[in-house]
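J.: Would you mind keeping the following structure in view while I ask a few things?
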Amino acid sequence: MRKSKLRLGEILVKEGLITQVHLDEALRFQKLSGRPLGDIVVDKGFVTEKDIGNALAKQLDIPYVSLDTGSLTPTGGDELRDLVPEQFSREQMALPISKHQKSLTVAFANPLDFLLTDNLRKITGCEINPVIATKSDLRQAIDTFYGKKDLLHEVVEDSYEVGEEEEATVLSLTEISESLEDTVVKAEDAPVIKLVDLLLIQAVKDRASDIHIEPFKNKITVRFRVDGILHTIAPPSPHLLPALISRIKILSRMDIAEKRLPQDGGFSVKIEDRPIDLRVSTVPTIHGEKAVLRILDKGALSLDLDKLGFSKQDLTNFKEAIGKPYGLVFITGPTGSGKSTTLYSALNFVKSPEKNLVTIEDPVEYQLVGLNQVQVKPNIGLTFASGLRAFLRQDPDIIMVGEVRDVETAEICVRAALTGHLVLSTLHTNDAPSAVTRLVDIGVESYLIAASALVLMAQRLIRRLCPKCKEPEEISANLVKQYNLPKNEGFKAKGCEVCKQTGYAGRTAIHEVLVVTPELRELISKNGTTAQIRDAAKAGGMTTILEDAMQRVLEGATSVEEAMSIALD
């Protein structure tokens, strides 16, 4: 294996899996973040873990093993566990597979780590025969071989081991009175620190977007939002609530003495070598303080427009619009529909050293190289409108406005688009045609909208069926007829251990892309109704949100039930 001097990036380029441009971008990101190159190219959507595994296996002439083929199942039991300790296996992502005399076959996530191989040779006294596996497969195989560790469950159970007198004091959480010093001491106790750490780790492993910690009479409720749905997990003892909230406040640089008013803050952590940002909000309730932690997993963020679930035609239309030198692009949808991710992906697509890109956001969710990003601060007069006015004196080419909320911001966006700038922003409307009505309702003249708008796009996030357990389902004849579907074959959710019995794993976006054609410009300028604009757009080839959702059903990506519940919302 040592004969190969090629690095991972060179191997991926040589195999044609990424371009040199992709590699250069990933290397720049690696220099800033310090993360492994393999993780970066996977997170950016350039390749999959399996692509990397197969490419390395081919170049290094070593076997590729996986859970799917059963080749990642250790044979040897206790002998292998004694040779390679569990902690070493988990920390180094190295799983012993088999042993024959003095030759030990070990699965690695990174077989190019020769120092790790040498250390393992010294620990085991064996010659190491390397094979390669993906990180996700390795984690699951390690859990199966050594026994899955549920540290969070253990800590939660331990939290209930308190005396009757201590338990009695928590019956009315709002009556608990402690000195500030006592609160800080308890917040810094090892069990509380461990509990918060494990909550964060578990939430990231479960792909949660939010953590809710809610106080009620005599109990705490902890819920993770996964794929848009809140799921309750085992909560700690209610006597830990003050210390738990205080620990989160300390991390978020909030005032732990202030328990009567809402507060906002945030902090950053590294979990599994991935940078995670957390936005934290606390509010006082009648039973104590509630905390919500929004998880911004920068490591899992893909800013590739091609990976956002666009249909081929919608993707082409959207790319053409954002590739123009000036005009207005609006992305609409409810909170949590992925608008920000689409905006960042669009900016990532159009950015270049020849262009000046500026953004004004509330808040700045992700920091991107090559963008001048500004955080709104209304308390000192830095609003969307004032920031926009300042931007126009900064010689911008492309402007991104986090959200249009008022007529002043809307009018500046429109006038910036009319004076030679590409402006991207978001609105809260149910569909693309309603964006016109919304802007008119705010106070923007219809003729200005008609003259400036390039594309209006609505989107939603829809849950993907779990690939491990989805089952075939016949689509009803009524739906086939109503939506002119080419076939009546779809899939439905079942539920398994992989998806935690939900039947779904992950989400994708569905879209409605309204290209503002000359005919639509004329209709908008004449104050056409939302229904008229919708009919004209559909006549011009626009695919509605519901039609896009039903296409995902035919592709087997989601179920009819999920498509109807999201697209008709």
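Quick note on naming: the chains in the structure tokens go A, B, ... in the order shown, residues restart at 1 in each chain, and ligands are numbered from 1 in order of appearance.
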Considering only helix (DSSP H, G or I) as DSSP defines it on the backbone, what residues of stretch 490-525 of chain A qualify? List them as a PyMOL selection string.
T.: chain A and resi 518-525
J.: Env of stretch 473-488 of chain A: 12 Å cut, atoms = only C-alpha atoms, seq-sep filter 4 positions within chain, self excluded. Answer as a count of residues only.
T.: 22
J.: Out of A:Val414, A:Val292, A:Val283, A:Leu422, which residue has the shortest atom-to-atom distance to A:Val350 when counting only C-alpha atoms?
T.: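 For A:Val350, the nearest of the given residues is A:Leu422.
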J.: Could you state the separation of atom CA of A:Leu343 and atom CA of A:Phe318 in Å, given to one decimal place?
T.: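 Value for the atom CA of A:Leu343-atom CA of A:Phe318 distance: 11.4 Å.
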J.: Considering only C-alpha atoms, state which residue in the set A:Leu308, A:Val515, A:Ile286, A:Ile322 is at the smallest distance from A:Lys44.
T.: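 With only C-alpha atoms as the atom set, the closest residue is A:Leu308.
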J.: As a VMD selection string, please: the residues near A:His212 (cut-off 9 Å, only C-alpha atoms, same-chain neighbours under 2 positions excluded).
T.: chain A and resid 210 214 221 to 225 230 290 to 294
J.: Give me a file of those residues, with N, CA and C atoms, as a PDB file, in the first residue's frame.
T.:
ATOM      1  N   ASP A 210     -33.385  20.926  15.267  1.00  0.00           N
ATOM      2  CA  ASP A 210     -33.652  21.709  16.477  1.00  0.00           C
ATOM      3  C   ASP A 210     -33.735  20.788  17.688  1.00  0.00           C
ATOM      4  N   GLU A 214     -38.198  21.707  27.268  1.00  0.00           N
ATOM      5  CA  GLU A 214     -39.420  22.372  27.722  1.00  0.00           C
ATOM      6  C   GLU A 214     -39.785  21.960  29.150  1.00  0.00           C
ATOM      7  N   THR A 221     -39.606  18.011  29.180  1.00  0.00           N
ATOM      8  CA  THR A 221     -39.756  17.328  27.898  1.00  0.00           C
ATOM      9  C   THR A 221     -38.607  17.744  26.988  1.00  0.00           C
ATOM     10  N   VAL A 222     -37.961  16.765  26.367  1.00  0.00           N
ATOM     11  CA  VAL A 222     -36.896  17.038  25.399  1.00  0.00           C
ATOM     12  C   VAL A 222     -37.324  16.449  24.056  1.00  0.00           C
ATOM     13  N   ARG A 223     -37.296  17.272  23.018  1.00  0.00           N
ATOM     14  CA  ARG A 223     -37.722  16.820  21.695  1.00  0.00           C
ATOM     15  C   ARG A 223     -36.713  17.247  20.641  1.00  0.00           C
ATOM     16  N   PHE A 224     -36.492  16.358  19.667  1.00  0.00           N
ATOM     17  CA  PHE A 224     -35.645  16.643  18.510  1.00  0.00           C
ATOM     18  C   PHE A 224     -36.552  16.812  17.295  1.00  0.00           C
ATOM     19  N   ARG A 225     -36.290  17.851  16.486  1.00  0.00           N
ATOM     20  CA  ARG A 225     -37.005  17.977  15.214  1.00  0.00           C
ATOM     21  C   ARG A 225     -36.162  17.326  14.123  1.00  0.00           C
ATOM     22  N   LEU A 230     -41.288  16.763  15.140  1.00  0.00           N
ATOM     23  CA  LEU A 230     -40.741  16.698  16.492  1.00  0.00           C
ATOM     24  C   LEU A 230     -40.904  15.292  17.065  1.00  0.00           C
ATOM     25  N   LYS A 290     -37.740  27.793  28.919  1.00  0.00           N
ATOM     26  CA  LYS A 290     -37.664  26.862  27.791  1.00  0.00           C
ATOM     27  C   LYS A 290     -36.519  27.296  26.882  1.00  0.00           C
ATOM     28  N   ALA A 291     -35.773  26.317  26.373  1.00  0.00           N
ATOM     29  CA  ALA A 291     -34.672  26.602  25.450  1.00  0.00           C
ATOM     30  C   ALA A 291     -34.885  25.855  24.141  1.00  0.00           C
ATOM     31  N   VAL A 292     -34.620  26.530  23.035  1.00  0.00           N
ATOM     32  CA  VAL A 292     -34.629  25.891  21.716  1.00  0.00           C
ATOM     33  C   VAL A 292     -33.270  26.140  21.076  1.00  0.00           C
ATOM     34  N   LEU A 293     -32.621  25.069  20.657  1.00  0.00           N
ATOM     35  CA  LEU A 293     -31.314  25.153  20.027  1.00  0.00           C
ATOM     36  C   LEU A 293     -31.457  24.779  18.553  1.00  0.00           C
ATOM     37  N   ARG A 294     -31.211  25.725  17.665  1.00  0.00           N
ATOM     38  CA  ARG A 294     -31.223  25.459  16.223  1.00  0.00           C
ATOM     39  C   ARG A 294     -29.833  24.962  15.816  1.00  0.00           C
TER      40      ARG A 294
END
J.: Considering only C-alpha atoms, can you say which of A:Ile462, A:Ile128, A:Ile524, A:Ala537 comes closest to A:His511?
T.: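 Smallest separation from A:His511 among the options: A:Ile462.
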J.: Could you give me the residues within stretch 233-356 of chain A that DSSP places in strand (DSSP E), as a PyMOL selection string?
T.: chain A and resi 233+263-271+274-285+288-297+327-332
J.: Name all residues at most 8 Å from A:Ser252 (count only C-alpha atoms; drop same-chain ones fewer than 4 positions away) and give them as a PDB file with N, CA, C and O atoms, in the first residue's frame.
T.:
ATOM      1  N   ILE A 248     -26.405  25.806  29.121  1.00  0.00           N
ATOM      2  CA  ILE A 248     -26.618  26.245  27.735  1.00  0.00           C
ATOM      3  C   ILE A 248     -26.426  27.750  27.623  1.00  0.00           C
ATOM      4  O   ILE A 248     -25.838  28.250  26.654  1.00  0.00           O
ATOM      5  N   GLY A 265     -28.742  33.772  21.791  1.00  0.00           N
ATOM      6  CA  GLY A 265     -27.286  33.629  21.778  1.00  0.00           C
ATOM      7  C   GLY A 265     -26.882  32.499  20.873  1.00  0.00           C
ATOM      8  O   GLY A 265     -27.675  32.015  20.059  1.00  0.00           O
ATOM      9  N   GLY A 266     -25.664  32.038  21.018  1.00  0.00           N
ATOM     10  CA  GLY A 266     -25.201  30.939  20.190  1.00  0.00           C
ATOM     11  C   GLY A 266     -23.792  30.529  20.537  1.00  0.00           C
ATOM     12  O   GLY A 266     -23.075  31.238  21.260  1.00  0.00           O
ATOM     13  N   PHE A 267     -23.388  29.367  20.048  1.00  0.00           N
ATOM     14  CA  PHE A 267     -22.023  28.886  20.241  1.00  0.00           C
ATOM     15  C   PHE A 267     -21.708  27.865  19.158  1.00  0.00           C
ATOM     16  O   PHE A 267     -22.589  27.476  18.373  1.00  0.00           O
ATOM     17  N   VAL A 280     -29.286  29.733  19.864  1.00  0.00           N
ATOM     18  CA  VAL A 280     -30.029  29.394  21.073  1.00  0.00           C
ATOM     19  C   VAL A 280     -31.021  30.490  21.413  1.00  0.00           C
ATOM     20  O   VAL A 280     -30.698  31.684  21.347  1.00  0.00           O
TER      21      VAL A 280
END
J.: Taking only C-alpha atoms into account, name the residue in A:Gln140, A:Thr530, A:Thr517, A:Ser281 that is nearest to A:Leu454.
T.: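 Looking at the shortest contact to A:Leu454, the residue is A:Thr517.
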J.: Give me the residues of stretch 275-375 of chain A that have any atom at most 10 Å from an atom of stretch 383-394 of chain A; for each, the nearest atom pair and the distance in Å, rounded to one decimal. Use only C-alpha atoms, sort by chain and number, and format it as a Markdown table.
T.:
| residue | atom | partner | partner_atom | distance |
| --- | --- | --- | --- | --- |
| A:Asn356 | CA | A:Gln394 | CA | 8.8 |
| A:Leu357 | CA | A:Phe391 | CA | 9.8 |
| A:Val358 | CA | A:Phe391 | CA | 7.3 |
| A:Thr359 | CA | A:Phe391 | CA | 8.7 |
| A:Ile360 | CA | A:Phe384 | CA | 6.6 |
| A:Glu361 | CA | A:Phe384 | CA | 7.7 |
| A:Asp362 | CA | A:Phe384 | CA | 8.6 |
| A:Val374 | CA | A:Gly387 | CA | 8.0 |
| A:Gln375 | CA | A:Thr383 | CA | 9.0 |
J.: Between A:Gly541, A:Glu127, A:Asp68, A:Ile142, which is the closest to A:Gln87 once you count only C-alpha atoms?
T.: A:Ile142
J.: May I ask which of the residues A:Leu32, A:Leu72, A:Val192, A:Ile11 is the closest one to A:Pro275, counting only C-alpha atoms?
T.: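 The closest residue to A:Pro275 is A:Leu32.
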J.: So what do you get for atom CA of A:Val84 versus atom CA of A:Lys270, distance-wise?
T.: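 Between these atoms lies a distance of 25.8 Å.
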J.: List the neighbours of A:Leu6 out to 12 Å using only C-alpha atoms; skip same-chain residues closer than 6 positions along the sequence, and give me the result as a list in words.
T.: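 The contact residues come out as Leu12, Val13, Lys14, Glu15, Ala55, Leu56, Gln59, Leu60 and Leu112 of chain A.
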J.: For the residues in that selection, give me N, CA, C and O atoms as a tab-separated table (two decimals), in the first residue's frame.
T.:
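See again.tsv below for the written result:
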chain	number	residue	atom	x	y	z
A	12	LEU	N	-9.03	11.16	-6.73
A	12	LEU	CA	-10.39	11.46	-7.16
A	12	LEU	C	-10.41	12.16	-8.52
A	12	LEU	O	-11.29	11.90	-9.35
A	13	VAL	N	-9.45	13.05	-8.75
A	13	VAL	CA	-9.35	13.70	-10.06
A	13	VAL	C	-8.96	12.69	-11.13
A	13	VAL	O	-9.54	12.66	-12.23
A	14	LYS	N	-7.99	11.84	-10.80
A	14	LYS	CA	-7.52	10.83	-11.76
A	14	LYS	C	-8.64	9.87	-12.15
A	14	LYS	O	-8.74	9.46	-13.32
A	15	GLU	N	-9.52	9.55	-11.19
A	15	GLU	CA	-10.63	8.63	-11.46
A	15	GLU	C	-11.81	9.33	-12.14
A	15	GLU	O	-12.81	8.70	-12.47
A	55	ALA	N	-12.76	4.38	-5.27
A	55	ALA	CA	-11.61	4.99	-5.94
A	55	ALA	C	-10.31	4.63	-5.22
A	55	ALA	O	-9.30	4.27	-5.84
A	56	LEU	N	-10.33	4.74	-3.88
A	56	LEU	CA	-9.14	4.39	-3.11
A	56	LEU	C	-8.80	2.92	-3.25
A	56	LEU	O	-7.63	2.53	-3.39
A	59	GLN	N	-7.15	2.40	-6.67
A	59	GLN	CA	-5.82	2.99	-6.78
A	59	GLN	C	-4.80	2.28	-5.90
A	59	GLN	O	-3.65	2.11	-6.27
A	60	LEU	N	-5.23	1.88	-4.69
A	60	LEU	CA	-4.31	1.26	-3.73
A	60	LEU	C	-4.27	-0.25	-3.85
A	60	LEU	O	-3.52	-0.92	-3.14
A	112	LEU	N	-4.93	5.60	3.93
A	112	LEU	CA	-3.72	6.37	3.66
A	112	LEU	C	-3.06	6.89	4.93
A	112	LEU	O	-2.00	7.51	4.88
J.: Give me the residues near A:Gly336 as a list in words, where near means some atom within 12 Å (using only C-alpha atoms) and where sequence neighbours in that chain fewer than 6 positions away do not count.
T.: Ser209, Asp210, Arg225, Val226, Asp227, Gly228, Ile229, Arg294, Thr342, His428, Gln459, Arg460, Leu461, Ile462, Arg507 and Ala509 of chain A
